[in-house]
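Student: Input structure: protein33.csv, which contains CSV, C-alpha atoms and all ligand atoms.
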chain,number,residue,atom,x,y,z
A,21,MET,CA,1.3,-139.7,38.6
A,22,ALA,CA,3.4,-139.0,35.5
A,23,ASP,CA,2.5,-142.4,34.2
A,24,ARG,CA,-1.2,-141.7,34.8
A,25,ILE,CA,-1.1,-138.4,32.9
A,26,MET,CA,0.7,-140.1,30.1
A,27,ALA,CA,-1.7,-142.9,30.2
A,28,GLU,CA,-4.6,-140.5,29.8
A,29,ARG,CA,-3.0,-139.1,26.6
A,30,ARG,CA,-2.3,-142.5,25.2
A,31,ILE,CA,-4.6,-144.3,22.8
A,32,PRO,CA,-6.4,-147.2,24.5
A,33,VAL,CA,-5.8,-150.6,22.8
A,34,LEU,CA,-8.4,-153.3,23.4
A,35,VAL,CA,-7.3,-156.9,22.5
A,36,ILE,CA,-10.0,-159.4,21.5
A,37,THR,CA,-8.8,-162.9,21.7
A,38,GLY,CA,-10.3,-166.4,22.0
A,39,PHE,CA,-9.7,-169.8,20.4
A,40,LEU,CA,-10.5,-170.6,16.8
A,41,GLY,CA,-14.2,-170.0,16.0
A,42,ALA,CA,-15.0,-168.7,19.5
A,43,GLY,CA,-16.8,-165.7,18.1
A,44,LYS,CA,-14.3,-162.8,18.0
A,45,THR,CA,-15.2,-161.5,14.6
A,46,SER,CA,-18.9,-161.8,15.2
A,47,LEU,CA,-18.6,-160.0,18.5
A,48,ILE,CA,-16.7,-157.1,16.9
A,49,ALA,CA,-19.2,-156.9,14.0
A,50,ASP,CA,-22.1,-156.8,16.5
A,51,ILE,CA,-20.4,-154.1,18.6
A,52,PHE,CA,-20.2,-151.9,15.5
A,53,ARG,CA,-23.7,-152.9,14.3
A,54,ARG,CA,-25.2,-151.7,17.6
A,55,ARG,CA,-22.9,-148.7,18.0
A,56,PRO,CA,-22.0,-147.3,14.6
A,57,ASP,CA,-21.0,-144.1,16.3
A,58,LEU,CA,-17.9,-145.9,17.5
A,59,ALA,CA,-16.7,-146.8,14.1
A,60,PRO,CA,-15.2,-143.5,12.8
A,61,ALA,CA,-12.8,-143.2,15.8
A,62,THR,CA,-11.9,-146.8,16.1
A,63,ALA,CA,-9.0,-148.6,14.2
A,64,LEU,CA,-9.3,-152.3,13.8
A,65,VAL,CA,-6.2,-154.4,13.5
A,66,VAL,CA,-7.2,-157.9,12.3
A,67,ASN,CA,-4.9,-160.8,12.3
A,68,GLU,CA,-6.4,-163.9,10.8
A,69,PHE,CA,-4.9,-167.4,10.7
A,70,GLY,CA,-5.7,-169.1,7.4
A,71,GLU,CA,-6.0,-167.4,4.1
A,72,THR,CA,-9.6,-166.6,3.2
A,73,GLY,CA,-9.5,-163.0,4.4
A,74,ILE,CA,-13.1,-163.8,5.6
A,75,ASP,CA,-12.8,-161.8,8.7
A,76,HIS,CA,-12.0,-158.7,6.6
A,77,ALA,CA,-15.0,-159.4,4.5
A,78,LEU,CA,-17.2,-159.6,7.6
A,79,LEU,CA,-15.7,-156.6,9.2
A,80,ARG,CA,-15.3,-154.4,6.2
A,81,ALA,CA,-18.6,-152.8,6.8
A,82,ALA,CA,-17.9,-152.3,10.5
A,83,SER,CA,-15.0,-150.0,10.6
A,84,GLU,CA,-13.6,-147.4,8.3
A,85,ARG,CA,-10.1,-147.9,9.5
A,86,GLN,CA,-9.0,-151.4,9.2
A,87,VAL,CA,-5.5,-152.8,9.2
A,88,ALA,CA,-5.0,-156.5,8.2
A,89,ILE,CA,-2.0,-158.5,9.3
A,90,ASP,CA,-2.1,-161.5,7.2
A,91,ALA,CA,1.2,-163.2,7.0
A,92,GLY,CA,1.2,-165.0,10.3
A,93,CYS,CA,0.3,-164.5,13.9
A,94,ILE,CA,1.0,-161.3,15.8
A,95,CYS,CA,1.9,-163.2,18.9
A,96,CYS,CA,5.1,-164.4,17.5
A,97,THR,CA,7.2,-163.1,14.6
A,98,MET,CA,4.4,-160.8,13.6
A,99,ARG,CA,5.0,-158.6,16.6
A,100,SER,CA,7.0,-156.3,14.5
A,101,ASP,CA,4.0,-156.1,12.2
A,102,LEU,CA,1.9,-155.2,15.2
A,103,THR,CA,4.2,-152.5,16.2
A,104,ASP,CA,4.4,-151.3,12.6
A,105,ALA,CA,0.7,-151.2,12.3
A,106,LEU,CA,0.3,-149.2,15.5
A,107,MET,CA,3.0,-146.8,14.6
A,108,ARG,CA,1.4,-146.2,11.2
A,109,LEU,CA,-1.9,-145.5,12.9
A,110,HIS,CA,-0.1,-143.1,15.2
A,111,LEU,CA,1.6,-141.3,12.4
A,112,ASP,CA,-1.6,-141.1,10.3
A,113,HIS,CA,-3.3,-139.6,13.4
A,114,ALA,CA,-0.5,-137.2,14.1
A,115,ARG,CA,-0.5,-136.0,10.5
A,116,GLY,CA,-4.2,-135.5,10.5
A,117,VAL,CA,-4.8,-138.3,7.9
A,118,VAL,CA,-7.0,-139.9,10.5
A,119,ASP,CA,-9.2,-137.3,12.2
A,120,ARG,CA,-10.0,-139.1,15.4
A,121,LEU,CA,-8.4,-142.2,16.9
A,122,ASP,CA,-10.1,-142.9,20.2
A,123,ARG,CA,-9.2,-146.5,20.4
A,124,VAL,CA,-7.6,-149.4,18.6
A,125,ILE,CA,-9.2,-152.9,18.7
A,126,ILE,CA,-6.9,-155.8,17.9
A,127,GLU,CA,-8.5,-159.1,16.9
A,128,THR,CA,-5.9,-161.8,17.4
A,129,THR,CA,-5.9,-165.2,15.6
A,130,GLY,CA,-7.5,-168.0,17.4
A,131,LEU,CA,-4.1,-169.5,18.1
A,132,ALA,CA,-2.5,-166.4,19.6
A,133,ASP,CA,-0.8,-166.4,23.0
A,134,PRO,CA,-1.7,-163.1,24.5
A,135,ALA,CA,1.6,-162.9,26.6
A,136,PRO,CA,3.8,-161.6,23.8
A,137,ILE,CA,1.2,-159.1,22.7
A,138,ILE,CA,0.8,-157.8,26.3
A,139,HIS,CA,4.6,-157.6,26.6
A,140,THR,CA,5.0,-155.8,23.2
A,141,LEU,CA,2.4,-153.2,24.2
A,142,ALA,CA,4.0,-152.6,27.5
A,143,ALA,CA,7.7,-152.8,26.6
A,144,HIS,CA,8.2,-151.4,23.2
A,145,PRO,CA,9.2,-147.8,23.9
A,146,LEU,CA,7.7,-146.2,20.9
A,147,VAL,CA,4.4,-148.1,21.1
A,148,ALA,CA,4.1,-147.8,24.9
A,149,ALA,CA,4.6,-144.1,24.8
A,150,ARG,CA,1.6,-143.7,22.5
A,151,PHE,CA,-0.7,-146.7,23.2
A,152,ALA,CA,-2.0,-148.2,26.4
A,153,LEU,CA,-3.2,-151.7,26.8
A,154,SER,CA,-6.7,-151.1,28.2
A,155,GLY,CA,-8.3,-154.5,28.2
A,156,ILE,CA,-8.1,-158.1,27.0
A,157,ILE,CA,-11.4,-159.7,26.1
A,158,ALA,CA,-11.3,-163.4,25.7
A,159,CYS,CA,-14.2,-165.0,23.9
A,160,ILE,CA,-14.9,-168.5,24.9
A,161,ASP,CA,-17.3,-170.9,23.2
A,162,ALA,CA,-19.8,-172.4,25.6
A,163,GLU,CA,-20.1,-175.5,23.5
A,164,HIS,CA,-16.4,-176.2,22.8
A,165,GLY,CA,-14.5,-174.0,25.3
A,166,ALA,CA,-13.9,-176.5,28.1
A,167,GLY,CA,-12.4,-179.0,25.6
A,168,GLN,CA,-10.3,-176.3,24.0
A,169,ILE,CA,-8.9,-175.3,27.4
A,170,ASP,CA,-8.1,-179.0,28.0
A,171,ARG,CA,-6.4,-179.6,24.7
A,172,HIS,CA,-4.8,-176.4,23.6
A,173,GLU,CA,-2.5,-174.3,25.7
A,174,GLU,CA,-3.3,-171.2,23.6
A,175,ALA,CA,-7.0,-171.4,24.8
A,176,LEU,CA,-5.9,-171.7,28.4
A,177,ARG,CA,-3.5,-168.8,28.1
A,178,GLN,CA,-6.2,-166.7,26.5
A,179,VAL,CA,-8.6,-167.3,29.4
A,180,VAL,CA,-5.9,-166.9,32.1
A,181,LEU,CA,-4.5,-163.6,30.8
A,182,ALA,CA,-7.8,-161.9,30.0
A,183,ASP,CA,-9.4,-159.2,32.1
A,184,ARG,CA,-12.8,-159.7,30.5
A,185,ILE,CA,-14.3,-163.0,29.4
A,186,VAL,CA,-17.3,-163.2,27.1
A,187,ILE,CA,-19.0,-166.6,26.9
A,188,THR,CA,-20.4,-167.1,23.5
A,189,LYS,CA,-22.9,-169.6,22.1
A,190,THR,CA,-24.8,-170.1,25.3
A,191,ASP,CA,-27.8,-170.4,23.0
A,192,LEU,CA,-26.3,-173.8,21.8
A,193,THR,CA,-25.7,-175.3,25.2
A,194,ASP,CA,-27.7,-176.1,28.4
A,195,ILE,CA,-27.4,-174.0,31.5
A,196,ALA,CA,-25.6,-176.7,33.4
A,197,ALA,CA,-22.8,-176.8,30.9
A,198,THR,CA,-22.5,-173.0,30.9
A,199,THR,CA,-22.5,-172.9,34.7
A,200,ALA,CA,-19.7,-175.5,34.9
A,201,LEU,CA,-17.7,-173.5,32.3
A,202,VAL,CA,-18.1,-170.3,34.3
A,203,ALA,CA,-16.9,-172.0,37.5
A,204,ARG,CA,-13.9,-173.4,35.7
A,205,ILE,CA,-13.0,-170.0,34.2
A,206,ALA,CA,-13.5,-168.3,37.6
A,207,ALA,CA,-11.1,-170.9,39.1
A,208,LEU,CA,-8.5,-170.2,36.4
A,209,ASN,CA,-8.8,-166.4,36.5
A,210,ALA,CA,-10.4,-165.0,39.6
A,211,GLY,CA,-9.7,-161.4,38.5
A,212,ALA,CA,-11.6,-161.5,35.2
A,213,ARG,CA,-15.1,-160.2,34.7
A,214,ILE,CA,-17.1,-163.0,33.1
A,215,MET,CA,-20.1,-162.2,31.0
A,216,ASP,CA,-22.5,-163.8,28.6
A,217,ARG,CA,-22.3,-162.5,25.1
A,218,ARG,CA,-25.8,-161.1,25.2
A,219,ALA,CA,-25.2,-159.2,28.4
A,220,ALA,CA,-21.8,-158.0,27.0
A,221,LEU,CA,-23.5,-156.5,24.0
A,222,ASP,CA,-26.2,-154.9,26.1
A,223,ALA,CA,-23.5,-153.0,27.9
A,224,ILE,CA,-21.0,-152.1,25.2
A,225,ASP,CA,-19.6,-149.1,27.0
A,226,ARG,CA,-18.8,-151.3,29.9
A,227,LEU,CA,-17.5,-154.1,27.7
A,228,ILE,CA,-15.0,-151.9,25.9
A,229,SER,CA,-14.2,-149.4,28.7
A,230,PRO,CA,-10.5,-148.7,28.9
A,231,LEU,CA,-9.1,-150.0,32.1
A,232,PRO,CA,-5.4,-150.3,32.8
A,233,TYR,CA,-4.3,-153.9,32.4
A,234,ALA,CA,-3.2,-155.2,35.8
A,235,PRO,CA,-1.4,-158.6,35.5
A,236,ASP,CA,-1.4,-159.0,39.3
A,237,ALA,CA,-5.2,-159.2,39.3
A,238,HIS,CA,-5.2,-162.5,37.3
A,239,GLY,CA,-3.3,-164.7,39.7
A,240,ASP,CA,0.1,-166.4,40.0
A,241,THR,CA,0.0,-168.2,36.7
A,242,ALA,CA,-0.6,-165.0,34.7
A,243,ARG,CA,2.1,-163.2,36.6
A,244,ALA,CA,4.6,-166.1,36.0
A,245,TRP,CA,3.8,-166.3,32.2
A,246,LEU,CA,4.2,-162.5,31.8
A,247,ALA,CA,7.5,-162.6,33.8
A,248,ALA,CA,8.7,-165.4,31.6
A,249,GLU,CA,7.8,-163.4,28.5
A,250,ALA,CA,9.7,-160.4,29.8
A,251,ALA,CA,12.7,-162.5,30.7
A,252,ALA,CA,12.8,-164.2,27.3
A,253,ASN,CA,12.7,-160.8,25.7
A,254,ARG,CA,15.5,-159.5,27.9
A,255,MET,CA,17.7,-162.4,26.9
A,256,ALA,CA,17.0,-162.1,23.2
A,257,CYS,CA,14.7,-160.3,20.9
A,258,ALA,CA,13.2,-161.6,17.7
A,259,ASP,CA,12.7,-158.5,15.9
A,260,GLY,CA,15.6,-157.0,13.9
A,261,ARG,CA,13.8,-153.7,13.8
A,262,CYS,CA,13.0,-153.7,17.5
A,263,ALA,CA,14.0,-150.5,19.2
A,264,VAL,CA,14.1,-151.8,22.7
A,265,PRO,CA,17.5,-150.9,24.1
A,266,GLY,CA,19.6,-153.9,25.2
A,267,HIS,CA,17.9,-156.5,23.1
A,268,ARG,CA,20.1,-158.9,21.3
A,269,HIS,CA,18.5,-159.7,18.0
A,270,HIS,CA,18.4,-163.1,16.4
A,271,HIS,CA,15.8,-165.4,15.0
A,272,HIS,CA,12.8,-165.8,17.1
A,273,ASP,CA,11.9,-169.4,16.8
A,274,HIS,CA,13.3,-170.7,20.0
A,275,GLU,CA,12.7,-167.8,22.3
A,276,HIS,CA,9.4,-168.9,23.6
A,277,GLY,CA,10.2,-172.6,23.9
A,278,HIS,CA,8.2,-173.1,20.8
A,279,ASP,CA,9.9,-175.7,18.7
A,280,GLN,CA,7.7,-176.8,15.8
A,281,GLY,CA,5.9,-174.9,13.1
A,282,TYR,CA,2.4,-175.3,11.8
A,283,ARG,CA,2.1,-177.5,8.9
A,284,HIS,CA,0.6,-176.0,5.8
A,285,GLY,CA,-1.4,-178.3,3.5
A,286,HIS,CA,0.0,-177.5,0.1
A,287,GLY,CA,1.8,-180.7,-0.1
A,288,HIS,CA,4.8,-179.5,1.8
A,289,ASP,CA,5.6,-178.3,5.3
A,290,HIS,CA,5.3,-174.6,5.4
A,291,ASP,CA,6.8,-172.6,8.2
A,292,HIS,CA,4.6,-169.6,9.1
A,293,GLY,CA,7.0,-168.4,11.7
A,294,HIS,CA,4.5,-169.2,14.4
A,295,HIS,CA,5.8,-171.7,16.8
A,296,HIS,CA,4.2,-173.4,19.7
A,297,ALA,CA,5.3,-176.8,21.1
A,298,ALA,CA,2.0,-178.6,20.6
A,299,ASP,CA,1.1,-177.2,17.3
A,300,ALA,CA,2.8,-179.6,15.0
A,301,ARG,CA,-0.5,-181.3,15.3
A,302,ILE,CA,-2.3,-178.4,13.9
A,303,ALA,CA,-2.3,-177.9,10.1
A,304,THR,CA,-4.1,-175.6,7.7
A,305,ALA,CA,-5.0,-175.7,4.0
A,306,MET,CA,-6.9,-173.7,1.6
A,307,ARG,CA,-8.5,-174.6,-1.7
A,308,THR,CA,-11.0,-173.2,-4.2
A,309,LEU,CA,-13.8,-174.9,-6.1
A,310,PRO,CA,-14.7,-174.2,-9.7
A,311,ALA,CA,-16.8,-171.0,-10.1
A,312,GLY,CA,-20.4,-171.9,-10.3
A,313,THR,CA,-20.3,-174.8,-7.8
A,314,PRO,CA,-23.8,-174.5,-6.2
A,315,GLN,CA,-23.8,-173.0,-2.7
A,316,ASP,CA,-26.2,-175.7,-1.5
A,317,ARG,CA,-23.9,-178.5,-2.5
A,318,ILE,CA,-20.9,-176.9,-0.8
A,319,VAL,CA,-22.9,-176.3,2.4
A,320,ARG,CA,-24.2,-179.9,2.5
A,321,ALA,CA,-20.7,-181.3,1.9
A,322,ALA,CA,-19.3,-179.0,4.6
A,323,GLU,CA,-22.0,-180.3,7.0
A,324,HIS,CA,-21.0,-183.9,6.2
A,325,LEU,CA,-17.3,-183.1,6.6
A,326,ALA,CA,-17.8,-181.5,10.0
A,327,ALA,CA,-20.0,-184.4,11.2
A,328,ALA,CA,-17.4,-186.9,10.1
A,329,MET,CA,-14.3,-185.1,11.5
A,330,GLY,CA,-15.7,-183.8,14.8
A,331,SER,CA,-12.9,-182.6,17.0
A,332,GLY,CA,-10.3,-183.1,14.2
A,333,LEU,CA,-11.8,-180.1,12.4
A,334,LEU,CA,-10.7,-177.2,14.5
A,335,ARG,CA,-12.1,-174.7,12.1
A,336,LEU,CA,-13.7,-174.6,8.6
A,337,LYS,CA,-14.2,-171.2,6.9
A,338,GLY,CA,-15.5,-170.5,3.5
A,339,LEU,CA,-16.5,-167.6,1.2
A,340,LEU,CA,-19.1,-168.7,-1.4
A,341,PRO,CA,-19.7,-166.2,-4.3
A,342,ALA,CA,-23.2,-164.9,-5.1
A,343,GLU,CA,-25.4,-167.3,-7.1
A,344,GLY,CA,-28.0,-165.6,-9.2
A,345,GLU,CA,-30.2,-163.7,-6.8
A,346,ARG,CA,-28.6,-165.3,-3.8
A,347,PRO,CA,-26.0,-163.2,-1.9
A,348,PRO,CA,-22.5,-164.4,-1.2
A,349,LEU,CA,-22.2,-166.6,1.9
A,350,ALA,CA,-19.7,-167.0,4.7
A,351,LEU,CA,-19.4,-170.5,5.9
A,352,HIS,CA,-18.3,-171.3,9.4
A,353,GLY,CA,-17.7,-174.6,11.1
A,354,VAL,CA,-16.1,-175.5,14.5
A,355,GLN,CA,-15.6,-179.2,15.1
A,356,HIS,CA,-18.8,-181.1,14.4
A,357,ARG,CA,-20.9,-177.9,14.1
A,358,LEU,CA,-21.5,-176.0,10.9
A,359,TYR,CA,-23.2,-172.7,11.6
A,360,PRO,CA,-26.0,-171.4,9.5
A,361,PRO,CA,-24.3,-169.8,6.4
A,362,MET,CA,-24.1,-166.0,6.8
A,363,PRO,CA,-25.2,-163.8,3.9
A,364,LEU,CA,-22.7,-161.2,2.9
A,365,ASN,CA,-23.1,-158.0,1.0
A,366,ALA,CA,-21.9,-158.4,-2.6
A,367,ASP,CA,-18.4,-157.0,-2.6
A,368,ALA,CA,-16.0,-156.7,-5.5
A,369,SER,CA,-13.1,-157.9,-3.4
A,370,LEU,CA,-14.7,-161.3,-2.6
A,371,PRO,CA,-13.1,-164.2,-4.5
A,372,ASP,CA,-15.0,-165.2,-7.6
A,373,LYS,CA,-14.6,-168.9,-6.8
A,374,PRO,CA,-15.8,-170.7,-3.7
A,375,THR,CA,-12.8,-170.5,-1.3
A,376,LEU,CA,-12.4,-172.8,1.7
A,377,VAL,CA,-9.9,-173.0,4.6
A,378,ALA,CA,-9.6,-175.9,7.0
A,379,ILE,CA,-7.6,-176.0,10.2
A,380,THR,CA,-7.3,-179.5,11.6
A,381,LEU,CA,-5.9,-181.3,14.5
A,382,ASP,CA,-4.0,-184.6,13.8
A,383,ALA,CA,-5.6,-184.8,10.4
A,384,ASP,CA,-4.6,-183.7,6.9
A,385,PRO,CA,-6.5,-180.5,6.1
A,386,ALA,CA,-5.9,-180.7,2.3
A,387,ALA,CA,-7.4,-184.2,2.3
A,388,ALA,CA,-10.4,-182.9,4.3
A,389,LEU,CA,-11.0,-180.2,1.7
A,390,ASN,CA,-10.5,-182.6,-1.1
A,391,ARG,CA,-13.2,-184.8,0.4
A,392,LEU,CA,-15.5,-181.8,0.7
A,393,ALA,CA,-14.8,-180.9,-2.9
A,394,ARG,CA,-15.4,-184.4,-4.2
A,395,GLU,CA,-18.8,-184.5,-2.6
A,396,ALA,CA,-19.8,-181.0,-3.7
A,397,LEU,CA,-18.8,-181.7,-7.3
A,398,SER,CA,-20.2,-185.2,-7.5
B,401,LIG,N1,-25.3,-169.6,17.8
B,401,LIG,C1,-24.3,-168.8,18.0
B,401,LIG,N2,-23.3,-168.7,17.0
B,401,LIG,C2,-22.3,-167.9,17.3
B,401,LIG,C3,-22.2,-167.1,18.4
B,401,LIG,N3,-21.0,-166.4,18.4
B,401,LIG,C4,-20.5,-166.7,17.2
B,401,LIG,N4,-21.2,-167.6,16.5
B,401,LIG,C5,-20.9,-168.2,15.2
B,401,LIG,O1,-19.7,-168.9,15.3
B,401,LIG,C6,-19.0,-168.9,14.0
B,401,LIG,C7,-17.6,-168.4,14.2
B,401,LIG,O2,-17.6,-167.1,14.7
B,401,LIG,P1,-16.5,-166.1,14.4
B,401,LIG,O3,-16.9,-164.8,15.0
B,401,LIG,O4,-16.1,-166.1,13.0
B,401,LIG,O5,-15.3,-166.7,15.3
B,401,LIG,P2,-13.8,-166.2,15.4
B,401,LIG,O6,-13.4,-166.4,16.8
B,401,LIG,O7,-13.6,-164.8,14.8
B,401,LIG,O8,-13.1,-167.3,14.5
B,401,LIG,P3,-11.5,-167.3,14.0
B,401,LIG,O9,-11.2,-166.0,13.4
B,401,LIG,O10,-11.4,-168.5,13.0
B,401,LIG,O11,-10.7,-167.7,15.2
B,401,LIG,C8,-19.9,-168.0,13.1
B,401,LIG,O12,-20.7,-168.7,12.3
B,401,LIG,C9,-20.7,-167.2,14.1
B,401,LIG,O13,-21.9,-166.7,13.6
B,401,LIG,C10,-23.2,-167.2,19.4
B,401,LIG,O14,-23.2,-166.6,20.5
B,401,LIG,N5,-24.2,-168.1,19.1
Could the structure of this file be written out as structure tokens, please?
Ligand SMILES: Nc1nc2c(ncn2[C@@H]2O[C@H](COP(=O)(O)OP(=O)(O)OP(=O)(O)O)[C@@H](O)[C@H]2O)c(=O)[nH]1
Tutor:
Amino acid sequence: MADRIMAERRIPVLVITGFLGAGKTSLIADIFRRRPDLAPATALVVNEFGETGIDHALLRAASERQVAIDAGCICCTMRSDLTDALMRLHLDHARGVVDRLDRVIIETTGLADPAPIIHTLAAHPLVAARFALSGIIACIDAEHGAGQIDRHEEALRQVVLADRIVITKTDLTDIAATTALVARIAALNAGARIMDRRAALDAIDRLISPLPYAPDAHGDTARAWLAAEAAANRMACADGRCAVPGHRHHHHDHEHGHDQGYRHGHGHDHDHGHHHAADARIATAMRTLPAGTPQDRIVRAAEHLAAAMGSGLLRLKGLLPAEGERPPLALHGVQHRLYPPMPLNADASLPDKPTLVAITLDADPAAALNRLAREALS
């Protein structure tokens, strides 16, 4: 009872997860587009993998209160940044800097494991006293989702630990493929509500309604993962600033059985502090093109790159500056598919040179971007 009363006074936190390019940012942008009334009382915490800041550009219009966590992934070393961000929001609210704070929406990176986030929200005493995990939405791409679950443990964990699953991009697949994906998801997580993106957006109140997160509803695997997360945190805690009593503090890298860092394509291996066993195969790079490189040429070169790399290109993102009367463009690719470039509002904080990020599997992302640049500039 005491917990319920407390829960009612806590601010609900909705986590939106899903693999790279599954449609998290677009879903959030569409929620606010349809329901602008939600924006003033919603804080968005956005954690993007890769360096374009493109999600912020896309969401800037959506929410007045946005906190970016850029330096890594909140599921691992960035947990302290997550708790800091939440505590800052709480203080701003308590001091009246923020009028209303009815909910927090956290967009994770596409490579996030939800278990540490769930654990942090439940176990960090300062956070748990003020915020209540009230839903985990996993977006899953109808076209690429099944393969992503097969190949990437993060994608599997996102589906298994969610309490709501939104299937995106059903417009790009046939019904049989979507039906098979739904059956697979239902077998992996019998407790989750599964919905099509369109249906989810037609019932936004239901989509985002705060419900206590109940790990027991999601099956033995979810329970075991969360228990393992709690046990790992009892043994040792990554966060030197962590306030959980009894935690021993030392470096985080080995606590989740993660042993290799992401490679970063600036000609050297770069440790982002985000460690998952399989992920030495995943690498990311960013590069810019000279100002004035025509948008059309970049888009065409990106199409060719996506077609040539297929499943080796986990994600391509780009911000292309305005060109004469043409607005700036956001460029999105997932595997072989390059989506129609998305016009953006002109915004002073957009980069003045075309900026591209590639996230690759078993391929050199810097070489991929060089190839794109060569074609665009030829
Ligand atoms: N056709 C179609 N495209 C979609 C749908 N949902 C998202 N997209 C497109 O997919 C691309 C990637 O979407 P995002 O919302 O950026 O994906 P994300 O999950 O936020 O990506 P990361 O932050 O990189 O993990 C964009 O071009 C979207 O317009 C959908 O339901 N149908």
Student: Leaving out A:Pro310 and any residue of its chain fewer than 2 positions from it, which residues lie within 9 Å of it when counting only C-alpha atoms, given as a PyMOL selection string?
Tutor: chain A and resi 308+312-313+373-374+397
Student: Using all atoms listed in the file, which protein or nucleic acid residues are at most 6 Å from ligand LIG 401 (chain B), as a PyMOL selection string?
Tutor: chain A and resi 39-46+68+129-130+188-189+191-192+352+359
Student: Output C-alpha atoms for every residue in the selection just made, as a PDB file, in the frame of the given file.
Tutor:
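File written: result-v7.pdb
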ATOM      1  CA  PHE A  39      -9.700-169.800  20.400  1.00  0.00           C
ATOM      2  CA  LEU A  40     -10.500-170.600  16.800  1.00  0.00           C
ATOM      3  CA  GLY A  41     -14.200-170.000  16.000  1.00  0.00           C
ATOM      4  CA  ALA A  42     -15.000-168.700  19.500  1.00  0.00           C
ATOM      5  CA  GLY A  43     -16.800-165.700  18.100  1.00  0.00           C
ATOM      6  CA  LYS A  44     -14.300-162.800  18.000  1.00  0.00           C
ATOM      7  CA  THR A  45     -15.200-161.500  14.600  1.00  0.00           C
ATOM      8  CA  SER A  46     -18.900-161.800  15.200  1.00  0.00           C
ATOM      9  CA  GLU A  68      -6.400-163.900  10.800  1.00  0.00           C
ATOM     10  CA  THR A 129      -5.900-165.200  15.600  1.00  0.00           C
ATOM     11  CA  GLY A 130      -7.500-168.000  17.400  1.00  0.00           C
ATOM     12  CA  THR A 188     -20.400-167.100  23.500  1.00  0.00           C
ATOM     13  CA  LYS A 189     -22.900-169.600  22.100  1.00  0.00           C
ATOM     14  CA  ASP A 191     -27.800-170.400  23.000  1.00  0.00           C
ATOM     15  CA  LEU A 192     -26.300-173.800  21.800  1.00  0.00           C
ATOM     16  CA  HIS A 352     -18.300-171.300   9.400  1.00  0.00           C
ATOM     17  CA  TYR A 359     -23.200-172.700  11.600  1.00  0.00           C
TER      18      TYR A 359
END
Student: Given only C-alpha atoms as the basis, pick out the residue of A:Gln168, A:Ala152, A:Arg115, A:Arg55 nearest to A:Gly38.
Tutor: A:Gln168
Student: May I ask for the distance between atom CA of A:Ala300 and atom CA of A:Ala248, given in Å to one decimal place?
Tutor: 22.6 Å
Student: Using all atoms listed in the file, pick whichever of A:Thr198, A:Ala63, A:Trp245, A:Ala210 has the shortest atom-to-atom distance to A:Asp112.
Tutor: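 Result for the nearest residue to A:Asp112: A:Ala63.
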Student: Rounded to one decimal, what separation in Å do you get between atom CA of A:Asp216 and atom CA of A:Leu58?
Tutor: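 So the two atoms, atom CA of A:Asp216 and atom CA of A:Leu58, lie 21.6 Å apart.
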Student: In Å, how far is it from atom CA of A:Leu153 to atom CA of A:Thr128?
Tutor: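 Taking atom CA of A:Leu153 as the start and atom CA of A:Thr128 as the end point, the length is 14.1 Å.
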Student: Name the closest residue to A:Ala322 among the candidates A:Ala250, A:Leu392, A:Ile187, A:Leu201; distances are taken between atoms, counting all atoms listed in the file.
Tutor: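 Of all the options, A:Leu392 lies closest to A:Ala322.
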Student: Under the rule that all atoms listed in the file are counted, which of A:Pro361, A:Pro134, A:Gly167, A:Pro60 is the nearest residue to A:Arg120?
Tutor: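 Checking each of A:Pro361, A:Pro134, A:Gly167, A:Pro60 against A:Arg120, counting all atoms listed in the file, the winner is A:Pro60.
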Student: Using only C-alpha atoms, which residue out of A:Ser398, A:Asn365, A:Asn209, A:Gln355 lies closest to A:Pro314?
Tutor: A:Ser398
Student: Within 10 Å of A:Leu176, counting all atoms listed in the file, which residues show up once you throw out same-chain ones fewer than 6 positions away? Write them as a count of residues only, please.
Tutor: 10
Student: Considering all atoms listed in the file, state which residue in the set A:Pro371, A:Gly353, A:Pro32, A:Pro341 is at the smallest distance from A:Ala149.
Tutor: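 Ranked by minimum distance to A:Ala149, first place goes to A:Pro32.
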Student: Tell me, as a PyMOL selection string, which residues lie within 12 Å of A:Leu221, counting only C-alpha atoms; anything in the same chain fewer than 3 positions away does not count.
Tutor: chain A and resi 46-55+186-188+215-218+224-228
Student: For the point (-1.9, -145.1, 26.0) in file coordinates, what residues are within 9 Å, counting all atoms listed in the file? Give the answer as a list of chain:residue names?
Tutor: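 Final list of nearby residues, as requested, is A:Met26, A:Ala27, A:Glu28, A:Arg29, A:Arg30, A:Ile31, A:Pro32, A:Val33, A:Val147, A:Ala148, A:Ala149, A:Arg150, A:Phe151, A:Ala152, A:Leu153, A:Ser154.
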